[in-house]
Amino acid sequence: MQTKRTVFGNRLLPYALLLPQLAVTVVFFLWPAAQAVLQSFQREDAFGLSTTWVGLANYADLLDEPTYLNSLKVTAIFAPAVTALSVGLGLVFAVSLDRLVRGSRIYAALLVWPYAVAPAVAGIMWWFLFNPTIGLLPYLLAAVGYRWDHALQPTDAMILVVIAASWKQVSYNFLFFMAGLQAIPKSMIEAAAIDGAGPVKRFFTIVLPLLSPTTFFLAVINLVYAMFDTFPVIHATTGGNPAQSTNILVYKVFVDGFIGLNLGSSAAQSVVLMAIVVALTVIQFKWVERKVTY
Amino acid sequence: MLTRSLIAGLALTFLSSSSFAATEITWWHAMGGELGKKLDEIVAKYNASQDDYKVTAVYKGSYPETMTAAIAAFRAKQQPDIVQVFEVGTGTMMAAKGAIYPVYELMKDTGTAFDPKAFLSAVVGYYTDADGNMLSMPFNSSTPILYYNKDVFQKAGLDPEQPPKTWEDVEAYSKKIMSSGAAKCGFTTGWISWVQLENFSAWHNKPIGTLQNGIGGMDAELTVNGDLQVRHWTNLKTWQDEGLFQYGGPGGGNDAPPKFYSQECAIYMNSSASLAGVVANAKDFKVGFGMLPYYSDVEGAPQNSIIGGATLWVLRGHGEAEYKGVANFFTFLSSPEVQADWHQYSGYLPITEAAYKLGQEQGFYANNPGTDVAIKQITLNPPTDNSKGLRFGNYVQIRDVIDEEFQNLLAGKKTPKDALDSVVTRGNKLIADFRAAANG
């Protein structure tokens, strides 16, 4: 292996070059994160007029709080559902496109398109489509005898947010699978075909295993996306309703902190979230680098 | 030499500009759309009327966004002079003693003539402390009223000039409307929390909490699970199952107005400040107005309804000159002309007696029937301990709890009694949290 090594004449220069990036990290990540950790040990009124140290009380309260436990449960359904749906669809589209002889570029462009849509806009769009009063989909569903009502039915609401959150992520996954598929040597597939393996067998014994690093990477990325970046989708569609059935962890942090002004609890919740994302990242690095190879 | 004269010159310009220019006053508000335009017009009028002060009004988004922005700004010592806070934020603002400058103190300190008695008692009661001192400046207050579709009433064989008076009427009329095919649903409502629980209770002279609904002190607790409230929520659930009532969603109930505008529902309860929207959207039918319905067998009903909307809070941390300006601006804002204009345009209540009188003299109510329903309803009887208003810490979240439990009720997951019991337990926990944080 060849490593590119640059030797600096001045010992300070490399640090100076790193400084801007470090400054950004400190100011926009480390400092707020430290503040969140600090606040999670305090109880404070909204205006910051009186602050008391409460130790781990904010964390202990979370475990006693039915709405927080509910939010954990909701996230445990929502995040894997979004990941499965968006990764699954991305794979299906990529594989279908790979087999296309003509027009694949046009399809590829169309499939990537939704990724350019802002999450809030995507949320509003799905909200319109599913709106019980003015939406198109409830109208069609009524024709087959299903009364759609995400304003009151938790299952309907969950389906709505999962679809809205997955939709644009499909494009992202599709792109990665496309790249992954192109890296699979055609000769291997041809050899298998000559040996008499049908398309289904070829897919499961050659394509899928060879795609596993991509799949694993996407699974983690999408899980992180579903847990943290879906805030605008929830905000624009259900707002956590009905009866907190779509109130995922990250949305609860926002509601408790910015609407409810309960800063201590909100800070404790974001620290817990931070721990989850750190754990996910560690798993990703350990696995992607070791296990998933061929 | 050159530099020195330059600096001197700069310093001079600076000095002169600060001594001659008007004192700047910032006002953060949550009035978007047509209301925002009207507000800007009022501010422009004030700025043109004198040279000492210049008010800058800044739109900060929704009510919760505006309040949160002001609080964050206060923590960063960048707070505006005036911030518009919605009624349920009152408890939070009041508890922040070091952050707010009570209006009565402001008026006294700046030597501004100010008569709290000039304001409607139903409005002021919401914003005074236990000793009767006014803490914030009323600006836009509304109360829920009943709107109905006269054309549908006619088609259903009902008298289009008679709004339903009681809940029994609402039920009977709704059934008639539906069975005659005049409309698909009887009624819908905005604000389940504000209209179908808080105002419902006040209108029937029933408490929603101890200690005068929390106005009497921070130790108050919720008691909304009374028999009458349970009875009403039971009915709402039944009526929803029968299709008489359609749910308009949590919070303000975004889905409710389209149901009324599209003539799907014939009766609609919402804020008097929805008037402008109703008039603008009810193009194909005539709209009638009425007071909120009540249960005819309940003694003491109808009492009076309570307000919603927002008031203006003054924040500490500014200079004396600025506060003089704020006091001056408040005097302008509550003058009969400004108030009458704002009230007639928006559907908000005229907050002073004088503004109401002015409207009568101008013949506004005679020319625009229905526009005085709100004020008649809010002044129907002298407010009691149950109908002065309400004040609880963390009430913004308690409103969400009410919505959630109502959804549980409609989805069939809880009985009316269980749902209201949960409102009380969860609400009281939030109130206790608030007390703990405020007392340190």
# chains A, B, ... in the order shown; residues from 1 in each chain; ligands from 1
>>> residues_around(residues="Thr68 (chain B)", least_positions_apart="6", cutoff="10 Å", atoms="only C-alpha atoms", output="PyMOL selection string")
(chain A and resi 46-47+257-261) or (chain B and resi 60+62+74+85)
>>> write_last_selection(atoms="C-alpha atoms", output="CSV table (one decimal), in the first residue's frame")
chain,number,residue,atom,x,y,z
A,46,ALA,CA,-37.5,29.4,30.7
A,47,PHE,CA,-35.9,32.8,31.1
A,257,GLY,CA,-37.6,22.2,24.7
A,258,PHE,CA,-38.8,24.8,22.2
A,259,ILE,CA,-42.6,24.7,22.7
A,260,GLY,CA,-42.7,23.5,26.3
A,261,LEU,CA,-39.6,25.4,27.4
B,60,LYS,CA,-41.8,36.5,14.5
B,62,SER,CA,-46.7,31.8,15.3
B,74,PHE,CA,-33.8,37.6,26.8
B,85,VAL,CA,-47.7,36.6,24.0
>>> closest_atom_pairs(of="chain B", to="chain A", cutoff="8 Å", atoms="only C-alpha atoms", output="CSV")
residue,atom,partner,partner_atom,distance
B:Pro64,CA,A:Ile259,CA,6.3
B:Glu65,CA,A:Ile259,CA,7.8
B:Thr68,CA,A:Phe258,CA,6.6
B:Ile71,CA,A:Phe47,CA,5.7
B:Ala72,CA,A:Phe47,CA,7.5
B:Phe74,CA,A:Phe47,CA,6.8
B:Arg75,CA,A:Phe47,CA,6.1
B:Thr92,CA,A:Ala46,CA,7.9
B:Ala96,CA,A:Phe47,CA,6.8
B:Gly98,CA,A:Leu49,CA,7.1
B:Ala99,CA,A:Phe47,CA,7.2
B:Gly249,CA,A:Ala151,CA,6.3
B:Pro250,CA,A:Asn241,CA,8.0
B:Asp255,CA,A:Thr133,CA,7.4
B:Lys259,CA,A:Thr133,CA,7.7
B:Asn394,CA,A:Gly260,CA,6.7
B:Val396,CA,A:Gly260,CA,6.6
B:Gln397,CA,A:Gly260,CA,5.9
B:Asp403,CA,A:Ala243,CA,7.5
B:Glu404,CA,A:Ala243,CA,4.1
B:Glu405,CA,A:Ala243,CA,6.6
B:Gln407,CA,A:Leu152,CA,5.9
B:Asn408,CA,A:Ala243,CA,6.3
B:Leu410,CA,A:Leu152,CA,7.1
B:Ala411,CA,A:Leu152,CA,5.8
B:Phe434,CA,A:Asp45,CA,7.7
B:Ala437,CA,A:Asp45,CA,5.1
B:Ala438,CA,A:Asp45,CA,5.3
B:Asn439,CA,A:Ser50,CA,7.5
B:Gly440,CA,A:Thr52,CA,5.6
>>> residues_around(residues="region 319-329 of chain B", least_positions_apart="3", cutoff="10 Å", atoms="only C-alpha atoms", output="PyMOL selection string")
chain B and resi 22-27+43+46-47+52-55+81-82+101+103-104+106-114+314-316+332-335
>>> write_last_selection(atoms="C-alpha atoms", output="compact mmCIF listing (two decimals), in the first residue's frame")
# COMPACT_ATOMS: atom_id res chain seq x y z
CA ALA B 22 -36.14 59.19 17.72
CA THR B 23 -35.78 56.51 20.39
CA GLU B 24 -36.15 53.10 18.82
CA ILE B 25 -38.70 50.69 20.26
CA THR B 26 -38.95 47.13 19.02
CA TRP B 27 -42.12 45.10 19.09
CA VAL B 43 -47.56 51.33 13.78
CA TYR B 46 -48.14 56.06 15.39
CA ASN B 47 -44.68 56.82 14.00
CA ASP B 52 -39.81 61.25 19.75
CA TYR B 53 -40.20 57.52 19.29
CA LYS B 54 -39.99 55.12 16.43
CA VAL B 55 -41.67 51.74 16.85
CA ASP B 81 -39.04 46.14 24.34
CA ILE B 82 -42.45 44.64 23.67
CA TYR B 101 -41.92 44.94 33.51
CA VAL B 103 -47.64 47.44 32.77
CA TYR B 104 -49.09 49.08 35.89
CA LEU B 106 -44.42 50.96 33.80
CA MET B 107 -47.27 53.44 33.65
CA LYS B 108 -46.61 54.62 37.21
CA ASP B 109 -42.83 54.91 36.76
CA THR B 110 -43.17 56.90 33.55
CA GLY B 111 -45.93 59.08 34.95
CA THR B 112 -48.36 58.12 32.20
CA ALA B 113 -52.06 58.60 32.79
CA PHE B 114 -53.63 55.17 32.85
CA VAL B 314 -42.83 44.63 28.33
CA LEU B 315 -39.42 43.10 28.95
CA ARG B 316 -36.82 44.47 31.32
CA PHE B 332 -51.94 55.31 21.56
CA LEU B 333 -52.79 51.63 21.03
CA SER B 334 -55.61 51.65 23.55
CA SER B 335 -57.13 54.89 22.30
>>> closest_residue(among="B:Met134, B:Ala301, B:Ala118, B:Leu211", to="Trp167 (chain B)", atoms="only C-alpha atoms")
B:Ala301
>>> select_by_dssp(residues="region 40-263 of chain A", states="helix (DSSP H, G or I)", output="PyMOL selection string")
chain A and resi 57-64+66-99+104-116+119-130+136-143+154-182+186-194+199-229+231-236+249-259+263
>>> residues_around(residues="Thr246 (chain A)", least_positions_apart="6", cutoff="12 Å", atoms="only C-alpha atoms", output="ChimeraX atom specification")
/A:67,70-79,150-162,165,230-231,233-235,237-240,252 /B:404
>>> write_last_selection(atoms="N, CA and C atoms", output="JSON list (two decimals), in the first residue's frame")
[["chain", "number", "residue", "atom", "x", "y", "z"],
["A", 67, "THR", "N", -44.86, 9.29, 28.42],
["A", 67, "THR", "CA", -44.80, 9.83, 27.06],
["A", 67, "THR", "C", -43.41, 9.62, 26.45],
["A", 70, "ASN", "N", -43.24, 5.99, 25.51],
["A", 70, "ASN", "CA", -44.04, 5.86, 24.30],
["A", 70, "ASN", "C", -43.23, 6.33, 23.08],
["A", 71, "SER", "N", -42.52, 7.44, 23.26],
["A", 71, "SER", "CA", -41.73, 7.99, 22.16],
["A", 71, "SER", "C", -40.63, 7.02, 21.75],
["A", 72, "LEU", "N", -40.02, 6.35, 22.72],
["A", 72, "LEU", "CA", -39.02, 5.32, 22.42],
["A", 72, "LEU", "C", -39.63, 4.22, 21.56],
["A", 73, "LYS", "N", -40.82, 3.80, 21.97],
["A", 73, "LYS", "CA", -41.51, 2.73, 21.26],
["A", 73, "LYS", "C", -41.84, 3.16, 19.83],
["A", 74, "VAL", "N", -42.35, 4.38, 19.72],
["A", 74, "VAL", "CA", -42.72, 4.90, 18.40],
["A", 74, "VAL", "C", -41.49, 4.95, 17.49],
["A", 75, "THR", "N", -40.36, 5.42, 18.06],
["A", 75, "THR", "CA", -39.14, 5.50, 17.27],
["A", 75, "THR", "C", -38.66, 4.11, 16.86],
["A", 76, "ALA", "N", -38.84, 3.14, 17.77],
["A", 76, "ALA", "CA", -38.41, 1.78, 17.47],
["A", 76, "ALA", "C", -39.22, 1.16, 16.34],
["A", 77, "ILE", "N", -40.41, 1.67, 16.11],
["A", 77, "ILE", "CA", -41.19, 1.20, 14.96],
["A", 77, "ILE", "C", -40.86, 2.04, 13.73],
["A", 78, "PHE", "N", -40.84, 3.35, 13.94],
["A", 78, "PHE", "CA", -40.68, 4.28, 12.83],
["A", 78, "PHE", "C", -39.34, 4.12, 12.12],
["A", 79, "ALA", "N", -38.24, 4.16, 12.89],
["A", 79, "ALA", "CA", -36.91, 4.18, 12.26],
["A", 79, "ALA", "C", -36.63, 2.91, 11.44],
["A", 150, "HIS", "N", -55.89, 9.81, 9.36],
["A", 150, "HIS", "CA", -54.66, 9.89, 10.15],
["A", 150, "HIS", "C", -54.75, 10.93, 11.26],
["A", 151, "ALA", "N", -55.83, 11.71, 11.28],
["A", 151, "ALA", "CA", -55.99, 12.67, 12.37],
["A", 151, "ALA", "C", -56.36, 11.94, 13.66],
["A", 152, "LEU", "N", -56.95, 10.78, 13.54],
["A", 152, "LEU", "CA", -57.39, 10.05, 14.74],
["A", 152, "LEU", "C", -56.81, 8.65, 14.86],
["A", 153, "GLN", "N", -56.52, 8.00, 13.74],
["A", 153, "GLN", "CA", -56.06, 6.62, 13.81],
["A", 153, "GLN", "C", -54.53, 6.52, 13.82],
["A", 154, "PRO", "N", -53.97, 6.05, 14.93],
["A", 154, "PRO", "CA", -52.50, 5.99, 15.05],
["A", 154, "PRO", "C", -51.83, 5.21, 13.92],
["A", 155, "THR", "N", -52.44, 4.11, 13.48],
["A", 155, "THR", "CA", -51.82, 3.30, 12.43],
["A", 155, "THR", "C", -51.75, 4.08, 11.13],
["A", 156, "ASP", "N", -52.84, 4.74, 10.78],
["A", 156, "ASP", "CA", -52.85, 5.55, 9.56],
["A", 156, "ASP", "C", -51.78, 6.63, 9.64],
["A", 157, "ALA", "N", -51.69, 7.26, 10.81],
["A", 157, "ALA", "CA", -50.72, 8.34, 10.98],
["A", 157, "ALA", "C", -49.30, 7.81, 10.81],
["A", 158, "MET", "N", -49.04, 6.62, 11.39],
["A", 158, "MET", "CA", -47.71, 6.04, 11.28],
["A", 158, "MET", "C", -47.38, 5.71, 9.83],
["A", 159, "ILE", "N", -48.34, 5.15, 9.11],
["A", 159, "ILE", "CA", -48.11, 4.84, 7.70],
["A", 159, "ILE", "C", -47.78, 6.13, 6.94],
["A", 160, "LEU", "N", -48.54, 7.16, 7.22],
["A", 160, "LEU", "CA", -48.31, 8.44, 6.55],
["A", 160, "LEU", "C", -46.89, 8.95, 6.77],
["A", 161, "VAL", "N", -46.44, 8.99, 8.03],
["A", 161, "VAL", "CA", -45.10, 9.55, 8.28],
["A", 161, "VAL", "C", -44.00, 8.65, 7.73],
["A", 162, "VAL", "N", -44.24, 7.33, 7.77],
["A", 162, "VAL", "CA", -43.22, 6.42, 7.24],
["A", 162, "VAL", "C", -43.07, 6.64, 5.73],
["A", 165, "ALA", "N", -41.46, 10.08, 5.05],
["A", 165, "ALA", "CA", -40.05, 10.14, 5.41],
["A", 165, "ALA", "C", -39.20, 9.28, 4.48],
["A", 230, "THR", "N", -35.68, 13.42, 10.34],
["A", 230, "THR", "CA", -37.06, 13.38, 9.90],
["A", 230, "THR", "C", -37.91, 14.39, 10.64],
["A", 231, "PHE", "N", -37.26, 15.23, 11.41],
["A", 231, "PHE", "CA", -38.00, 16.25, 12.14],
["A", 231, "PHE", "C", -38.94, 17.07, 11.24],
["A", 233, "VAL", "N", -40.32, 16.39, 8.45],
["A", 233, "VAL", "CA", -41.42, 15.60, 7.91],
["A", 233, "VAL", "C", -42.55, 15.48, 8.95],
["A", 234, "ILE", "N", -42.15, 15.17, 10.18],
["A", 234, "ILE", "CA", -43.14, 15.05, 11.26],
["A", 234, "ILE", "C", -43.81, 16.41, 11.51],
["A", 235, "HIS", "N", -42.98, 17.44, 11.53],
["A", 235, "HIS", "CA", -43.48, 18.78, 11.81],
["A", 235, "HIS", "C", -44.52, 19.20, 10.77],
["A", 237, "THR", "N", -46.33, 17.14, 8.80],
["A", 237, "THR", "CA", -47.48, 16.26, 8.59],
["A", 237, "THR", "C", -48.34, 16.12, 9.84],
["A", 238, "THR", "N", -47.89, 15.34, 10.80],
["A", 238, "THR", "CA", -48.76, 15.04, 11.94],
["A", 238, "THR", "C", -48.46, 15.86, 13.18],
["A", 239, "GLY", "N", -47.24, 16.41, 13.27],
["A", 239, "GLY", "CA", -46.88, 17.13, 14.49],
["A", 239, "GLY", "C", -46.90, 16.22, 15.71],
["A", 240, "GLY", "N", -46.64, 14.93, 15.47],
["A", 240, "GLY", "CA", -46.59, 13.99, 16.60],
["A", 240, "GLY", "C", -47.94, 13.38, 16.95],
["A", 252, "LYS", "N", -39.81, 15.00, 19.97],
["A", 252, "LYS", "CA", -40.13, 15.26, 21.38],
["A", 252, "LYS", "C", -39.13, 16.22, 22.00],
["B", 404, "GLU", "N", -54.56, 15.51, 22.94],
["B", 404, "GLU", "CA", -54.23, 14.08, 22.85],
["B", 404, "GLU", "C", -55.30, 13.21, 23.48]]
>>> residues_around(residues="Ala179 (chain A)", least_positions_apart="2", cutoff="12 Å", atoms="only C-alpha atoms", output="ChimeraX atom specification")
/A:90-91,94-95,97-98,108,172-177,181-184,211,213-215
>>> residues_around(residues="region 216-219 of chain B", least_positions_apart="6", cutoff="12 Å", atoms="only C-alpha atoms", output="ChimeraX atom specification")
/B:91-92,94-95,125-132,209-210,385-386,388-394,428-429,431-436,438-439
>>> select_by_dssp(residues="region 33-141 of chain B", states="strand (DSSP E)", output="PyMOL selection string")
chain B and resi 53-59+82-86+137-141
